[in-house]
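Trainee: Dropping in upload_11.cif, with mmCIF, C-alpha atoms and all ligand atoms.
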data_data
loop_
_atom_site.label_atom_id
_atom_site.label_comp_id
_atom_site.auth_asym_id
_atom_site.auth_seq_id
_atom_site.Cartn_x
_atom_site.Cartn_y
_atom_site.Cartn_z
CA MET N 29 168.46 -11.99 122.69
CA ASP N 30 165.14 -13.57 123.73
CA TRP N 31 163.41 -13.38 120.34
CA HIS N 32 160.07 -14.64 121.65
CA ALA N 33 159.98 -11.89 124.29
CA LEU N 34 160.97 -9.29 121.69
CA ASP N 35 158.26 -10.68 119.40
CA LEU N 36 155.59 -10.00 122.04
CA TYR N 37 156.99 -6.49 122.54
CA CYS N 38 156.85 -5.83 118.77
CA LYS N 39 153.29 -7.12 118.43
CA ASP N 40 152.10 -4.77 121.18
CA LEU N 41 154.02 -1.85 119.67
CA VAL N 42 152.69 -2.42 116.14
CA LYS N 43 149.12 -2.78 117.37
CA GLU N 44 149.38 0.37 119.47
CA ALA N 45 150.69 2.26 116.42
CA GLY N 46 147.79 0.83 114.39
CA GLN N 47 145.31 2.19 116.93
CA ARG N 48 146.94 5.62 116.59
CA ILE N 49 146.49 5.45 112.81
CA ARG N 50 142.83 4.43 113.18
CA ASN N 51 142.32 7.36 115.58
CA SER N 52 143.79 9.71 112.93
CA PHE N 53 140.81 8.99 110.66
CA MET N 54 138.88 11.36 112.94
CA THR N 55 141.38 14.22 112.38
CA ASP N 56 142.42 16.48 109.50
CA ILE N 57 145.43 15.02 107.72
CA THR N 58 148.17 17.17 106.16
CA VAL N 59 149.48 15.87 102.82
CA GLU N 60 152.83 16.89 101.30
CA SER N 61 154.87 15.71 98.29
CA LYS N 62 158.42 14.39 98.61
CA ALA N 63 160.57 13.49 95.56
CA HIS N 64 157.75 14.19 93.06
CA ALA N 65 154.07 15.22 92.97
CA ASN N 66 152.76 11.67 93.53
CA ASP N 67 155.33 10.67 96.17
CA LEU N 68 153.24 11.54 99.20
CA VAL N 69 153.74 11.82 102.93
CA THR N 70 151.32 12.89 105.68
CA ASN N 71 151.73 14.14 109.21
CA ILE N 72 150.53 10.69 110.30
CA ASP N 73 153.40 8.88 108.52
CA LYS N 74 155.78 11.19 110.41
CA GLU N 75 154.01 10.94 113.77
CA ILE N 76 153.85 7.15 113.65
CA GLU N 77 157.54 6.87 112.76
CA GLN N 78 158.37 9.19 115.67
CA PHE N 79 156.14 7.13 117.98
CA PHE N 80 158.10 3.95 117.11
CA ILE N 81 161.47 5.68 117.40
CA ALA N 82 160.74 7.20 120.83
CA ARG N 83 159.65 3.80 122.15
CA ILE N 84 162.54 1.83 120.62
CA ARG N 85 165.16 4.37 121.74
CA LYS N 86 163.81 4.28 125.31
CA ASP N 87 163.66 0.47 125.59
CA PHE N 88 166.62 -0.49 123.32
CA PRO N 89 169.07 2.42 123.38
CA ASP N 90 171.85 0.51 121.58
CA HIS N 91 169.65 -0.52 118.62
CA ARG N 92 169.53 1.49 115.38
CA ILE N 93 166.43 2.45 113.40
CA PHE N 94 166.07 2.75 109.59
CA GLY N 95 162.76 4.48 108.85
CA GLU N 96 161.24 5.81 105.63
CA GLU N 97 160.61 9.33 106.94
CA GLY N 98 164.21 9.82 108.08
CA PHE N 99 163.72 10.41 111.83
CA GLY N 100 165.85 7.38 112.65
CA ASP N 101 169.54 6.73 112.05
CA SER N 102 171.39 7.01 108.78
CA ILE N 103 172.24 3.41 107.95
CA GLU N 104 175.20 2.59 105.71
CA GLU N 105 176.00 -0.91 106.93
CA LEU N 106 173.98 -3.63 108.64
CA SER N 107 175.96 -4.53 111.78
CA GLY N 108 174.17 -4.95 115.10
CA MET N 109 170.46 -4.65 115.75
CA ILE N 110 168.52 -2.58 113.21
CA TRP N 111 164.77 -1.93 113.18
CA MET N 112 163.56 -1.30 109.60
CA LEU N 113 160.30 0.59 109.61
CA ASP N 114 157.75 1.87 107.15
CA PRO N 115 155.14 3.56 109.38
CA ILE N 116 152.61 3.57 106.52
CA ASP N 117 153.32 1.45 103.45
CA GLY N 118 150.81 2.47 100.78
CA THR N 119 150.57 6.13 101.75
CA MET N 120 148.62 6.97 98.59
CA ASN N 121 145.99 4.39 99.59
CA PHE N 122 145.96 5.75 103.15
CA ILE N 123 145.17 9.23 101.81
CA HIS N 124 142.72 8.31 99.04
CA GLN N 125 141.07 5.14 100.35
CA LYS N 126 141.69 4.90 104.10
CA ARG N 127 142.42 1.21 103.50
CA ASN N 128 144.93 -1.01 101.65
CA PHE N 129 147.94 0.24 103.62
CA ALA N 130 150.04 -1.37 106.35
CA ILE N 131 152.67 -0.83 109.00
CA SER N 132 155.81 -2.74 108.00
CA LEU N 133 158.51 -3.60 110.54
CA GLY N 134 161.54 -5.87 110.36
CA VAL N 135 164.06 -6.48 113.16
CA TYR N 136 167.49 -7.43 111.80
CA GLU N 137 170.65 -8.63 113.56
CA ASP N 138 173.88 -8.28 111.55
CA GLY N 139 171.83 -8.19 108.33
CA ILE N 140 169.78 -11.30 109.16
CA GLY N 141 165.99 -10.85 109.38
CA LYS N 142 164.91 -12.11 112.81
CA LEU N 143 161.39 -10.73 113.26
CA GLY N 144 158.91 -9.46 110.67
CA TYR N 145 155.52 -7.72 110.98
CA ILE N 146 152.98 -6.45 108.48
CA TYR N 147 149.91 -4.96 110.13
CA ASP N 148 146.85 -4.30 107.97
CA VAL N 149 145.57 -1.56 110.23
CA VAL N 150 142.00 -1.24 108.89
CA HIS N 151 141.26 -4.97 108.92
CA GLY N 152 143.19 -5.54 112.17
CA ASP N 153 145.12 -8.34 110.42
CA LEU N 154 148.64 -9.09 111.64
CA TYR N 155 151.10 -11.10 109.55
CA ASN N 156 154.30 -11.94 111.40
CA ALA N 157 157.24 -14.32 111.56
CA ILE N 158 160.15 -15.29 113.77
CA ASP N 159 163.23 -16.48 111.87
CA GLY N 160 163.24 -20.29 111.96
CA HIS N 161 159.96 -20.48 113.88
CA GLY N 162 157.34 -20.01 111.18
CA ALA N 163 155.08 -17.31 109.81
CA TYR N 164 151.64 -16.47 111.17
CA TYR N 165 148.44 -14.78 110.05
CA ASN N 166 146.55 -13.57 113.14
CA ASP N 167 148.46 -16.18 115.19
CA GLU N 168 147.53 -19.01 112.83
CA ARG N 169 150.60 -20.75 111.40
CA LEU N 170 151.03 -20.38 107.64
CA GLN N 171 151.84 -23.51 105.64
CA PRO N 172 154.75 -23.84 103.18
CA LEU N 173 153.81 -22.70 99.66
CA PRO N 174 152.77 -25.70 97.51
CA PRO N 175 154.04 -26.15 93.93
CA THR N 176 152.34 -24.14 91.19
CA THR N 177 152.94 -23.03 87.57
CA LEU N 178 153.10 -19.59 85.98
CA ASP N 179 150.01 -20.39 83.87
CA GLU N 180 147.89 -20.76 87.00
CA SER N 181 149.49 -17.90 88.96
CA ILE N 182 148.22 -14.50 89.99
CA ILE N 183 150.97 -11.87 90.08
CA ALA N 184 150.79 -8.60 92.01
CA MET N 185 152.51 -5.50 90.64
CA ASN N 186 152.00 -1.78 90.19
CA ALA N 187 150.31 -1.42 86.76
CA PHE N 188 152.68 1.51 86.15
CA TRP N 189 155.50 -0.98 85.51
CA ALA N 190 153.75 -2.16 82.33
CA THR N 191 153.87 1.33 80.78
CA PRO N 192 156.85 2.61 78.75
CA ASN N 193 159.12 4.43 81.16
CA ARG N 194 162.69 5.34 81.78
CA ARG N 195 164.56 2.63 83.75
CA VAL N 196 161.66 0.21 83.31
CA ASP N 197 161.69 -2.93 81.19
CA HIS N 198 158.01 -2.76 80.32
CA GLU N 199 158.43 -5.34 77.54
CA GLY N 200 159.49 -8.00 80.05
CA THR N 201 156.58 -7.03 82.25
CA ILE N 202 154.08 -7.19 79.38
CA ALA N 203 155.34 -10.65 78.37
CA LEU N 204 154.94 -11.75 81.98
CA ILE N 205 151.40 -10.33 82.18
CA GLN N 206 150.45 -12.22 79.01
CA ARG N 207 151.81 -15.44 80.47
CA VAL N 208 150.01 -15.58 83.86
CA ARG N 209 146.43 -16.27 84.91
CA GLY N 210 145.84 -12.82 86.42
CA VAL N 211 147.45 -9.60 87.60
CA ARG N 212 146.50 -7.46 90.61
CA SER N 213 147.66 -4.05 91.88
CA TYR N 214 147.10 -3.37 95.57
CA GLY N 215 149.44 -0.38 96.03
CA SER N 216 151.24 -1.53 99.18
CA ALA N 217 154.40 -3.59 98.76
CA ALA N 218 154.16 -4.85 102.34
CA LEU N 219 150.58 -6.09 101.91
CA GLU N 220 151.45 -7.65 98.56
CA LEU N 221 154.28 -9.55 100.27
CA ALA N 222 151.83 -10.70 102.95
CA TYR N 223 149.52 -11.87 100.15
CA VAL N 224 152.35 -13.97 98.65
CA ALA N 225 152.84 -15.61 102.06
CA THR N 226 149.09 -16.32 102.41
CA ARG N 227 148.77 -17.53 98.77
CA ARG N 228 146.29 -14.84 97.72
CA VAL N 229 148.83 -14.14 94.99
CA ASP N 230 151.73 -16.31 93.83
CA ALA N 231 154.28 -13.55 93.30
CA TYR N 232 154.85 -9.83 93.76
CA ILE N 233 157.23 -7.83 91.58
CA SER N 234 158.40 -4.23 91.62
CA MET N 235 160.98 -2.28 89.63
CA ARG N 236 161.84 -0.06 92.56
CA LEU N 237 161.49 -0.67 96.27
CA ASN N 238 163.22 0.58 99.37
CA PRO N 239 164.54 -1.57 102.24
CA TRP N 240 161.77 -0.52 104.66
CA ASP N 241 159.06 -1.60 102.16
CA ILE N 242 160.29 -5.21 102.22
CA ALA N 243 162.22 -5.73 105.48
CA GLY N 244 159.28 -7.11 107.50
CA GLY N 245 157.83 -9.09 104.60
CA LEU N 246 161.14 -10.78 103.80
CA VAL N 247 161.16 -12.55 107.17
CA ILE N 248 157.56 -13.71 106.65
CA ALA N 249 158.11 -14.80 103.03
CA LYS N 250 161.19 -16.85 103.94
CA GLU N 251 159.30 -18.82 106.60
CA VAL N 252 156.76 -20.11 104.03
CA GLY N 253 159.48 -20.95 101.50
CA ALA N 254 158.95 -18.01 99.12
CA ILE N 255 162.07 -16.85 97.27
CA ALA N 256 162.75 -13.12 97.42
CA GLY N 257 165.46 -10.89 95.98
CA ASN N 258 166.17 -8.68 93.00
CA PHE N 259 165.50 -9.54 89.34
CA LYS N 260 169.06 -10.84 88.94
CA GLY N 261 168.41 -13.48 91.60
CA GLU N 262 170.59 -11.71 94.19
CA PRO N 263 169.49 -11.30 97.84
CA ALA N 264 167.24 -8.31 98.52
CA ASN N 265 169.09 -5.04 99.01
CA LEU N 266 168.64 -3.78 102.58
CA LEU N 267 170.60 -0.56 102.09
CA GLU N 268 169.37 0.84 98.76
CA GLN N 269 166.51 0.88 96.26
CA ASP N 270 166.44 -2.11 93.91
CA THR N 271 164.19 -4.29 91.77
CA PHE N 272 162.26 -6.85 93.78
CA VAL N 273 160.53 -10.16 93.30
CA ALA N 274 158.99 -12.44 95.95
CA ALA N 275 157.52 -15.61 94.55
CA ASN N 276 156.43 -19.15 95.07
CA PRO N 277 159.69 -21.12 94.58
CA ALA N 278 158.20 -22.99 91.61
CA ILE N 279 157.83 -19.83 89.50
CA HIS N 280 160.60 -17.56 90.81
CA GLU N 281 163.22 -18.39 88.19
CA GLU N 282 160.78 -18.14 85.28
CA ILE N 283 159.66 -14.68 86.46
CA CYS N 284 163.28 -13.47 86.66
CA SER N 285 163.94 -14.84 83.16
CA HIS N 286 161.55 -12.18 81.79
CA TYR N 287 164.02 -9.52 82.96
CA LEU N 288 167.29 -11.10 81.79
CA LYS N 289 168.20 -8.16 79.58
CA LEU N 290 167.79 -5.70 82.47
CA LYS N 291 171.08 -3.90 83.14
P1 LIG S 301 155.05 3.82 100.15
O1 LIG S 301 153.58 3.89 100.08
O2 LIG S 301 155.58 3.57 101.50
O3 LIG S 301 155.72 5.01 99.49
C1 LIG S 301 153.22 1.22 95.61
O4 LIG S 301 153.20 0.47 94.43
C2 LIG S 301 154.20 0.59 96.57
O5 LIG S 301 155.56 0.85 96.14
C3 LIG S 301 154.09 1.13 97.97
O6 LIG S 301 154.44 0.09 98.84
C4 LIG S 301 155.11 2.24 98.00
O7 LIG S 301 155.56 2.52 99.30
C5 LIG S 301 156.21 1.55 97.19
N1 LIG S 301 157.28 2.42 96.70
C6 LIG S 301 158.34 2.79 97.45
N2 LIG S 301 159.19 3.51 96.73
C7 LIG S 301 158.70 3.62 95.50
C8 LIG S 301 159.16 4.28 94.30
N3 LIG S 301 160.29 4.98 94.27
N4 LIG S 301 158.37 4.21 93.22
C9 LIG S 301 157.23 3.52 93.27
N5 LIG S 301 156.76 2.87 94.36
C10 LIG S 301 157.48 2.92 95.47
CA CA S 302 155.71 4.73 103.64
#
What would the structure in this file look like if it were written as structure tokens?
Mentor:
Amino acid sequence: MDWHALDLYCKDLVKEAGQRIRNSFMTDITVESKAHANDLVTNIDKEIEQFFIARIRKDFPDHRIFGEEGFGDSIEELSGMIWMLDPIDGTMNFIHQKRNFAISLGVYEDGIGKLGYIYDVVHGDLYNAIDGHGAYYNDERLQPLPPTTLDESIIAMNAFWATPNRRVDHEGTIALIQRVRGVRSYGSAALELAYVATRRVDAYISMRLNPWDIAGGLVIAKEVGAIAGNFKGEPANLLEQDTFVAANPAIHEEICSHYLKLK
């Protein structure tokens, strides 16, 4: 596989999809709920996923596609070439704010992240990486993350995770919040991963993410030396929902230590 050629193809595809999303701002958008009242999807999420799938199936018929809205393949193992796509990550922001959302795309071969893209559609900002060849912000190479400490770190997370909830260790989260310099909630896992790679924040944590939320960002985070995986320190789950932390390597272990009692 010529990864550099595929990288150019992906950049064009992601930017074309971004233009389609910007065009949708002129149209009426249909909003529906999925698993619960605040789990939202729009006709644009679906149309953009279908746009990607039609293009990928035409140009790469033997590749598989794992997309949030379910128009792709059902993926139970990671062999071969798999495109992991979230057509709009931060759908709630897309609906309410028309900003702070992103297209997230990862291209994986036998479970290894080869190409990663996070496209901040409204700002026209592209974050991308090629495995082993560095991460880029609008074609400018990102530098390895320098050492830091938890006391001088900003951590991104959904504020919801600090409230008492089933399945959520809010006590660990509160202790972490009290320990760091600042906390931010942006509402798009993909963008928050891009912010870890560009040092706008030092870590991003979530109690519950899906493979397509993180697939693109994982490739980018790895290229700047960030450590990413679940709270137990295991590699990120690319098949199922799991806890997630991506952090500057200097603070990764200390963040996970806040969740040691998590089952
Ligand atoms: P989405 O917008 O694509 O649904 C919000 O904090 C971030 O978490 C978004 O990136 C959102 O992705 C993601 N997310 C995905 N699954 C989630 C879940 N089950 N609960 C909460 N947030 C989820
Ligand atoms: Ca989505």
Trainee: Which distance in Å separates atom CA of N:Leu267 and atom CA of N:Pro239, to one decimal?
Mentor: 6.1 Å
Trainee: Kindly extract all protein, DNA and RNA residues lying within 7 Å of the coordinates (144.3, 0.9, 103.1) given in the file, considering only C-alpha atoms, and supply them as a short mmCIF file (atom, residue, chain, number, x, y, z; two decimals) with C-alpha atoms, in the coordinates of the input.
Mentor:
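Wrote it out as result17.cif, contents follow:
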data_model
loop_
_atom_site.label_atom_id
_atom_site.label_comp_id
_atom_site.auth_asym_id
_atom_site.auth_seq_id
_atom_site.Cartn_x
_atom_site.Cartn_y
_atom_site.Cartn_z
CA ASN N 121 145.99 4.39 99.59
CA PHE N 122 145.96 5.75 103.15
CA GLN N 125 141.07 5.14 100.35
CA LYS N 126 141.69 4.90 104.10
CA ARG N 127 142.42 1.21 103.50
CA ASN N 128 144.93 -1.01 101.65
CA PHE N 129 147.94 0.24 103.62
CA ALA N 130 150.04 -1.37 106.35
CA VAL N 150 142.00 -1.24 108.89
#
Trainee: Please, which residues have at least one atom within 6 Å of an atom of ligand LIG 301 (chain S), using all atoms listed in the file, listed as a list in words?
Mentor: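 The neighbouring residues of ligand LIG 301 (chain S) are, in order, Ile116, Asp117, Gly118, Thr119, Asn186, Gly215, Ser216, Ala217, Arg236, Leu237, Asn238 and Asp241 of chain N.
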Trainee: Place a sphere of radius 6 Å on (155.2, -16.4, 102.9) in the file coordinates and name every protein, DNA or RNA residue with an atom inside or on its surface, counting only C-alpha atoms; give the answer as a list in words.
Mentor: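 Residues close enough to count: Val224, Ala225, Ile248, Ala249, Val252 and Ala254 of chain N.
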Trainee: For N:His32, which residue out of N:Asp56, N:Ser213, N:His161, N:Ala264 is the nearest one, using all atoms listed in the file?
Mentor: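 Distance minimum relative to N:His32 lands on N:His161.
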Trainee: For N:Thr70, please output as a list in words all residues within 7 Å (counting all atoms listed in the file; exclusion window: fewer than 3 positions along the same chain).
Mentor: Ile57, Thr58, Val59, Glu60, Asp73 and Lys74 of chain N
Trainee: Restricted to C-alpha atoms, what would the selected residues look like written as a PDB file, in the coordinates of the input?
Mentor:
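Okay, this is what ended up in result-v7.pdb:
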ATOM      1  CA  ILE N  57     145.430  15.020 107.720  1.00  0.00           C
ATOM      2  CA  THR N  58     148.170  17.170 106.160  1.00  0.00           C
ATOM      3  CA  VAL N  59     149.480  15.870 102.820  1.00  0.00           C
ATOM      4  CA  GLU N  60     152.830  16.890 101.300  1.00  0.00           C
ATOM      5  CA  ASP N  73     153.400   8.880 108.520  1.00  0.00           C
ATOM      6  CA  LYS N  74     155.780  11.190 110.410  1.00  0.00           C
TER       7      LYS N  74
END
Trainee: So which residues touch N:Ile84 within 12 Å, counting all atoms listed in the file, skipping near sequence neighbours fewer than 2 positions away, as a PyMOL selection string?
Mentor: chain N and resi 34+37-38+41-42+77-82+86-94+100+109-113+135
Trainee: Quick one: residues within 8 Å of N:Ile255, only C-alpha atoms, excluding same-chain residues fewer than 4 positions away - as a ChimeraX atom specification?
Mentor: /N:249-250,273-277,280
Trainee: Name the closest residue to ligand CA 302 (chain S) among the candidates N:Ser107, N:Gln47, N:Ser52, N:Ser132; distances are taken between atoms, counting all atoms listed in the file.
Mentor: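 Of the candidates, the smallest distance to ligand CA 302 (chain S) is held by N:Ser132.
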Trainee: Which of these residues is nearest to N:Asp270, using all atoms listed in the file: N:Ala218, N:Met29, N:Val196, N:Ala231?
Mentor: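 Among N:Ala218, N:Met29, N:Val196, N:Ala231, it is N:Val196 that comes nearest to N:Asp270.
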Trainee: Enclose the full set of atoms of stretch 121-138 of chain N listed in the file within a box whose edges lie along x, y and z, apply 5 Å of padding to each of the six sides, and report centre and edge lengths in Å to one decimal as AutoDock Vina command-line options.
Mentor:
--center_x 157.5 --center_y 0.3 --center_z 106.3 --size_x 42.8 --size_y 27.9 --size_z 24.5
Trainee: Got a sec: who's within 10 Å of N:Thr226, counting all atoms listed in the file, leaving out chain neighbours fewer than 6 positions off, as an MDAnalysis selection string?
Mentor: chainID N and resid 155 163:165 170:173 220 248:249 252
Trainee: Rounded to one decimal place, report the atom CA of N:Thr55-atom CA of N:Arg83 distance in Å.
Mentor: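 Computing it gives 23.2 Å between the two atoms.
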Trainee: Out of N:Ala256, N:Ile279, N:Ala190, N:Leu288, which residue has the shortest atom-to-atom distance to N:Ala243 when counting only C-alpha atoms?
Mentor: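 Closest residue, counting only C-alpha atoms: N:Ala256.
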Trainee: Given the choices N:Ala187, N:Cys284, N:Ala157, N:Met235, which gets closest to N:Lys39 if the distance is worked out from only C-alpha atoms?
Mentor: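 Nearest to N:Lys39: N:Ala157.
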Trainee: Could you jot down the atom CA of N:Ser102 to atom CA of N:Leu154 separation for me, Å, one decimal place?
Mentor: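 About the pair atom CA of N:Ser102 and atom CA of N:Leu154: they are 28.0 Å apart.
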Trainee: So which one's closest to ligand CA 302 (chain S), N:Val229, N:Val247, N:Ile202, N:Ile242? Using all atoms listed in the file, please.
Mentor: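 Looking only at the distances to ligand CA 302 (chain S), the closest residue turns out to be N:Ile242.
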Trainee: I'd like the neighbourhood of N:Leu106 as a ChimeraX atom specification, where a residue qualifies if any of its atoms comes within 9 Å (using only C-alpha atoms), though same-chain residues fewer than 4 positions away should be ignored.
Mentor: /N:110,136-140,266-267
Trainee: Since the input is missing atoms for stretch 225-235 of chain N, could you rebuild it with all heavy atoms and give the result as an mmCIF file, in the frame of the given file?
Mentor:
data_model
loop_
_atom_site.group_PDB
_atom_site.id
_atom_site.type_symbol
_atom_site.label_atom_id
_atom_site.label_comp_id
_atom_site.auth_asym_id
_atom_site.auth_seq_id
_atom_site.Cartn_x
_atom_site.Cartn_y
_atom_site.Cartn_z
ATOM 1 N N ALA N 225 152.681 -14.637 100.968
ATOM 2 C CA ALA N 225 152.840 -15.610 102.060
ATOM 3 C C ALA N 225 151.536 -16.351 102.356
ATOM 4 O O ALA N 225 151.560 -17.495 102.808
ATOM 5 C CB ALA N 225 153.341 -14.906 103.322
ATOM 6 N N THR N 226 150.387 -15.686 102.116
ATOM 7 C CA THR N 226 149.090 -16.320 102.410
ATOM 8 C C THR N 226 148.439 -16.887 101.146
ATOM 9 O O THR N 226 147.272 -17.269 101.175
ATOM 10 C CB THR N 226 148.137 -15.298 103.067
ATOM 11 O OG1 THR N 226 148.159 -14.075 102.317
ATOM 12 C CG2 THR N 226 148.547 -14.994 104.501
ATOM 13 N N ARG N 227 149.185 -16.907 100.034
ATOM 14 C CA ARG N 227 148.770 -17.530 98.770
ATOM 15 C C ARG N 227 147.590 -16.837 98.092
ATOM 16 O O ARG N 227 146.937 -17.441 97.252
ATOM 17 C CB ARG N 227 148.453 -19.022 98.974
ATOM 18 C CG ARG N 227 149.649 -19.836 99.374
ATOM 19 C CD ARG N 227 149.291 -21.272 99.686
ATOM 20 N NE ARG N 227 148.551 -21.886 98.588
ATOM 21 C CZ ARG N 227 147.818 -22.993 98.711
ATOM 22 N NH1 ARG N 227 147.750 -23.595 99.880
ATOM 23 N NH2 ARG N 227 147.183 -23.495 97.685
ATOM 24 N N ARG N 228 147.334 -15.579 98.462
ATOM 25 C CA ARG N 228 146.290 -14.840 97.720
ATOM 26 C C ARG N 228 146.822 -14.452 96.348
ATOM 27 O O ARG N 228 146.066 -14.286 95.405
ATOM 28 C CB ARG N 228 145.889 -13.599 98.505
ATOM 29 C CG ARG N 228 145.220 -13.976 99.806
ATOM 30 C CD ARG N 228 144.980 -12.781 100.688
ATOM 31 N NE ARG N 228 144.619 -13.229 102.011
ATOM 32 C CZ ARG N 228 144.761 -12.518 103.100
ATOM 33 N NH1 ARG N 228 145.266 -11.301 103.027
ATOM 34 N NH2 ARG N 228 144.396 -12.994 104.263
ATOM 35 N N VAL N 229 148.140 -14.257 96.280
ATOM 36 C CA VAL N 229 148.830 -14.140 94.990
ATOM 37 C C VAL N 229 150.035 -15.071 95.060
ATOM 38 O O VAL N 229 150.428 -15.517 96.137
ATOM 39 C CB VAL N 229 149.276 -12.680 94.692
ATOM 40 C CG1 VAL N 229 148.093 -11.732 94.665
ATOM 41 C CG2 VAL N 229 150.318 -12.196 95.690
ATOM 42 N N ASP N 230 150.610 -15.365 93.883
ATOM 43 C CA ASP N 230 151.730 -16.310 93.830
ATOM 44 C C ASP N 230 153.077 -15.613 93.729
ATOM 45 O O ASP N 230 154.123 -16.242 93.935
ATOM 46 C CB ASP N 230 151.522 -17.265 92.649
ATOM 47 C CG ASP N 230 150.202 -18.005 92.806
ATOM 48 O OD1 ASP N 230 150.119 -18.869 93.690
ATOM 49 O OD2 ASP N 230 149.221 -17.665 92.105
ATOM 50 N N ALA N 231 153.036 -14.320 93.363
ATOM 51 C CA ALA N 231 154.280 -13.550 93.300
ATOM 52 C C ALA N 231 153.956 -12.073 93.374
ATOM 53 O O ALA N 231 152.827 -11.655 93.067
ATOM 54 C CB ALA N 231 155.041 -13.840 92.006
ATOM 55 N N TYR N 232 154.942 -11.295 93.782
ATOM 56 C CA TYR N 232 154.850 -9.830 93.760
ATOM 57 C C TYR N 232 156.133 -9.320 93.135
ATOM 58 O O TYR N 232 157.220 -9.777 93.501
ATOM 59 C CB TYR N 232 154.692 -9.287 95.186
ATOM 60 C CG TYR N 232 154.881 -7.786 95.254
ATOM 61 C CD1 TYR N 232 153.993 -6.936 94.608
ATOM 62 C CD2 TYR N 232 155.951 -7.225 95.940
ATOM 63 C CE1 TYR N 232 154.176 -5.561 94.645
ATOM 64 C CE2 TYR N 232 156.132 -5.855 95.990
ATOM 65 C CZ TYR N 232 155.238 -5.033 95.334
ATOM 66 O OH TYR N 232 155.421 -3.677 95.357
ATOM 67 N N ILE N 233 156.019 -8.401 92.178
ATOM 68 C CA ILE N 233 157.230 -7.830 91.580
ATOM 69 C C ILE N 233 157.162 -6.303 91.627
ATOM 70 O O ILE N 233 156.084 -5.712 91.621
ATOM 71 C CB ILE N 233 157.453 -8.279 90.117
ATOM 72 C CG1 ILE N 233 156.347 -7.755 89.194
ATOM 73 C CG2 ILE N 233 157.577 -9.775 90.003
ATOM 74 C CD1 ILE N 233 156.753 -7.790 87.738
ATOM 75 N N SER N 234 158.319 -5.687 91.691
ATOM 76 C CA SER N 234 158.400 -4.230 91.620
ATOM 77 C C SER N 234 159.741 -3.838 91.019
ATOM 78 O O SER N 234 160.756 -4.485 91.265
ATOM 79 C CB SER N 234 158.249 -3.608 93.003
ATOM 80 O OG SER N 234 158.440 -2.203 92.907
ATOM 81 N N MET N 235 159.741 -2.778 90.236
ATOM 82 C CA MET N 235 160.980 -2.280 89.630
ATOM 83 C C MET N 235 161.796 -1.454 90.610
ATOM 84 O O MET N 235 162.956 -1.150 90.344
ATOM 85 C CB MET N 235 160.659 -1.379 88.439
ATOM 86 C CG MET N 235 159.946 -2.088 87.347
ATOM 87 S SD MET N 235 161.107 -3.140 86.479
ATOM 88 C CE MET N 235 159.971 -3.986 85.417
#
